[in-house]
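Asker: Got a structure for you, questions after.
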Amino acid sequence: MSVVSSLVSDVRLPRMVKARQYFDNTKIENVSEELKRQFLRPEIYGTIQPGKSIAITCGSRGIDNYPLIIKEIVQFCKDKGAKPFIIPAMGSHGGAVSEGQRLICETNGVTEEYCGCPIKATMSVTRIGVTEDGSFDVCIDSYAAEADGIILVNRIKNHTALRGDYESGLMKMMAIGLGKQYGASLCHRAGYERMAELVPMIGKTVLNNASVLFGVGIVDNAYDKNYKIAVLTKDEIPIVEKELLKEAKRLMPRLLPGSADVLVVDRIGKNISGSGADPGITGRLTYKYSGVESFQAGKVAVLDITDETHGNIHGVGYVDVINRRVFEKADLDKTYPNSITSTTLMSDKIPVMMKNDRDTIKCAIKTCQPADPENIRLIRITDTLHISEILISECMVDSVRHIPNLEITDEIIDWEFNEEGNLW
């Protein structure tokens, strides 16, 4: 046994109990039919003209039915005789290289074969105008700038660090996603204190100076399923997106117990959240302008990263302790462009590393003071997108049983580690 392992060997892991959290589970039953219905609006239907080249944006997040939504938009354009193509619109993600951004599209299921049109990936940008106050040049993806029309597609939700009328959504996609590394760097260099002002300012410049046809805003429910899809004209985007953001925030899931001594997260990744794990769930603020989050955790432990993140461990700096494999799987060339571009180097600092899951969890418990080690309040989740089923330590059961929309199953879940001390 190593010296480090011996330091946590005396820690007793609590017995865990399965619990279910209940949120609004309303969802769209037939996404294809819903899109086709909205495409028939005269204001939308008339935007697509035969023979015109149409750029369709694709972001970096894993979104429910994302490939299907893109495919339906492509088919709508082709049915009207247009020539659609897909462009990655994800700022500096994918290591800030075109090949990395194409790979993210494909990993999320948005492929040329499935969607039925080319993917054109570039990091080159073209200047299209200047913000209304004259402070900033606005540039967008060069393929998008050359296209006859642009269709924006993105999920509308709270941002991990930005608070304002527009957070993650169509406005941010225009300002940062379409802006590639240039746009992402421009917004972040101005500082998060100006982000709520700058994102809509740049977004409106794009609307006024680029050939945006319409936008498709997606709102997901707490179970990561499509709750609402809104096909918006370019004039509707600045008005309606604000209301959709309010709806998205109302639907946001959360850890109902409210606090824990230790939060164990099985996996993080850029496909899960821009910060690897959503700070609205973990309670770990990614920046002082993000506001006060409700959940509180003494220590946060992370056991692994998703395959879809391709080694990008951005956000790991807000964690206290990790399984060493998180670092061993890391690709720093994909990770560091995010923190350098966003100017928040703290997000990619490497936490304490332990050799396996067992020692990682024990380390989090051991160092969580002044918690009672014999009655540790521990919550374990798969990731911050999937928290309908959680595990809580046995000592928490009586204190949380009264919480509305939280069901204690009384099913005991044992810690089952393999020979290497890992859970899988």
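Ligands are numbered from 1 in the order shown, chains are lettered A, B, ... in the order of the structure tokens, and residues start at 1 in each chain.
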May I have the residues within 6 Å of segment 182-193 of chain A as a list in words, using only C-alpha atoms and disregarding those fewer than 2 positions away in the same chain?

Answerer: Gly91, Ile176, Gly179, Lys180, Met195, Thr341 and Ser342 of chain A

Asker: Enumerate the residues of segment 77-240 of chain A with a DSSP assignment of helix (DSSP H, G or I), computed from the backbone, and present them as a ChimeraX atom specification.

Answerer: /A:77-79,94-96,98-107,112-115,142-146,170-177,180-189,192-209,237-240

Asker: When you draw a straight line from atom CA of Arg401 of chain A to atom CA of Pro14 of chain A, how long is it in Å?

Answerer: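 Going from atom CA of Arg401 of chain A over to atom CA of Pro14 of chain A covers 17.9 Å.
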
Asker: Pick out the residues sitting within 7 Å of Val206 of chain A, and hand them over as a PDB file with N, CA, C and O atoms, in the first residue's frame; count only C-alpha atoms, and ignore anything fewer than 4 positions along from it in its own chain.

Answerer:
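Resulting contents of selection37.pdb:
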ATOM      1  N   MET A 174     -24.232  33.217 -31.785  1.00  0.00           N
ATOM      2  CA  MET A 174     -23.787  34.216 -32.756  1.00  0.00           C
ATOM      3  C   MET A 174     -22.539  34.936 -32.283  1.00  0.00           C
ATOM      4  O   MET A 174     -21.605  35.183 -33.058  1.00  0.00           O
ATOM      5  N   ILE A 202     -23.156  41.887 -29.652  1.00  0.00           N
ATOM      6  CA  ILE A 202     -22.556  41.230 -30.812  1.00  0.00           C
ATOM      7  C   ILE A 202     -23.605  40.433 -31.570  1.00  0.00           C
ATOM      8  O   ILE A 202     -23.640  40.435 -32.808  1.00  0.00           O
ATOM      9  N   ALA A 210     -25.335  39.959 -41.018  1.00  0.00           N
ATOM     10  CA  ALA A 210     -25.155  38.663 -41.664  1.00  0.00           C
ATOM     11  C   ALA A 210     -26.505  38.168 -42.192  1.00  0.00           C
ATOM     12  O   ALA A 210     -27.551  38.729 -41.859  1.00  0.00           O
TER      13      ALA A 210
END

Asker: Identify which of the residues A:Thr360, A:Ser5, A:Ser388, A:Gln38 lies closest to Tyr223 of chain A, counting only C-alpha atoms when measuring atom-to-atom distances.

Answerer: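 Closest candidate: A:Ser388.
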
Asker: Let me make sure I understand: among A:Leu244, A:Ala230, A:Ala161, A:Val199, which one has the smallest atom-to-atom distance to Arg37 of chain A if we use only C-alpha atoms?

Answerer: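 Nearest to Arg37 of chain A: A:Ala230.
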
Asker: What lies within 7 Å of segment 16-21 of chain A using only C-alpha atoms, ignoring chain neighbours under 4 positions off, as a list of chain:residue names?

Answerer: A:Ser388, A:Glu389, A:Ile390, A:Leu391, A:Ile392, A:Ser393, A:Glu394, A:Asn405, A:Leu406, A:Glu407, A:Ile408, A:Thr409, A:Asp410, A:Glu411, A:Ile412, A:Ile413, A:Asp414

Asker: Smallest atom-to-atom distance to Asn271 of chain A: which of A:Asp383, A:Glu132, A:Glu328, A:Glu241, using only C-alpha atoms?

Answerer: A:Asp383

Asker: With only C-alpha atoms as the counted atoms, please give the residues lying no more than 12 Å from Val11 of chain A, apart from itself and same-chain residues fewer than 5 positions off, as a ChimeraX atom specification.

Answerer: /A:5-6,358-368,372-376

Asker: Would you list the contacts of Ser142 of chain A as an mmCIF file with all heavy atoms, in the first residue's frame, taking every protein, DNA or RNA residue within 8 Å and counting only C-alpha atoms, but skipping same-chain residues closer than 4 positions in sequence?

Answerer:
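Writing done, so here's part11.cif:
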data_model
loop_
_atom_site.group_PDB
_atom_site.id
_atom_site.type_symbol
_atom_site.label_atom_id
_atom_site.label_comp_id
_atom_site.auth_asym_id
_atom_site.auth_seq_id
_atom_site.Cartn_x
_atom_site.Cartn_y
_atom_site.Cartn_z
ATOM 1 N N THR A 122 -13.994 25.241 -40.349
ATOM 2 C CA THR A 122 -12.853 26.149 -40.458
ATOM 3 C C THR A 122 -12.762 26.974 -39.186
ATOM 4 O O THR A 122 -13.760 27.168 -38.490
ATOM 5 C CB THR A 122 -13.004 27.089 -41.671
ATOM 6 O OG1 THR A 122 -11.837 27.917 -41.762
ATOM 7 C CG2 THR A 122 -14.232 27.981 -41.543
ATOM 8 N N SER A 124 -11.285 29.969 -39.667
ATOM 9 C CA SER A 124 -11.168 31.296 -40.272
ATOM 10 C C SER A 124 -12.450 32.094 -40.050
ATOM 11 O O SER A 124 -13.551 31.538 -40.074
ATOM 12 C CB SER A 124 -10.912 31.168 -41.775
ATOM 13 O OG SER A 124 -9.691 30.508 -42.018
ATOM 14 N N VAL A 125 -12.288 33.386 -39.839
ATOM 15 C CA VAL A 125 -13.439 34.255 -39.651
ATOM 16 C C VAL A 125 -13.378 35.422 -40.623
ATOM 17 O O VAL A 125 -12.307 35.784 -41.120
ATOM 18 C CB VAL A 125 -13.529 34.795 -38.200
ATOM 19 C CG1 VAL A 125 -13.813 33.671 -37.223
ATOM 20 C CG2 VAL A 125 -12.251 35.548 -37.806
ATOM 21 N N THR A 126 -14.545 36.007 -40.868
ATOM 22 C CA THR A 126 -14.671 37.156 -41.756
ATOM 23 C C THR A 126 -15.350 38.297 -41.008
ATOM 24 O O THR A 126 -16.364 38.088 -40.340
ATOM 25 C CB THR A 126 -15.503 36.792 -42.998
ATOM 26 O OG1 THR A 126 -14.844 35.728 -43.700
ATOM 27 C CG2 THR A 126 -15.672 37.986 -43.918
ATOM 28 N N GLU A 146 -19.954 33.594 -46.163
ATOM 29 C CA GLU A 146 -20.083 33.448 -47.614
ATOM 30 C C GLU A 146 -21.435 32.870 -48.030
ATOM 31 O O GLU A 146 -21.826 32.989 -49.197
ATOM 32 C CB GLU A 146 -18.971 32.535 -48.145
ATOM 33 C CG GLU A 146 -17.566 33.113 -47.984
ATOM 34 C CD GLU A 146 -16.484 32.068 -48.225
ATOM 35 O OE1 GLU A 146 -16.856 30.897 -48.521
ATOM 36 O OE2 GLU A 146 -15.293 32.413 -48.102
#

Asker: Taking only C-alpha atoms into account, name the residue in A:Ile140, A:Leu103, A:Ile69, A:Leu35 that is nearest to Lys334 of chain A.

Answerer: A:Leu103

Asker: Nearest to Asn226 of chain A among A:Met171, A:Ala96, A:Ile156, A:Val265, with distances taken over only C-alpha atoms: which residue is it?

Answerer: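 The closest residue to Asn226 of chain A is A:Ile156.
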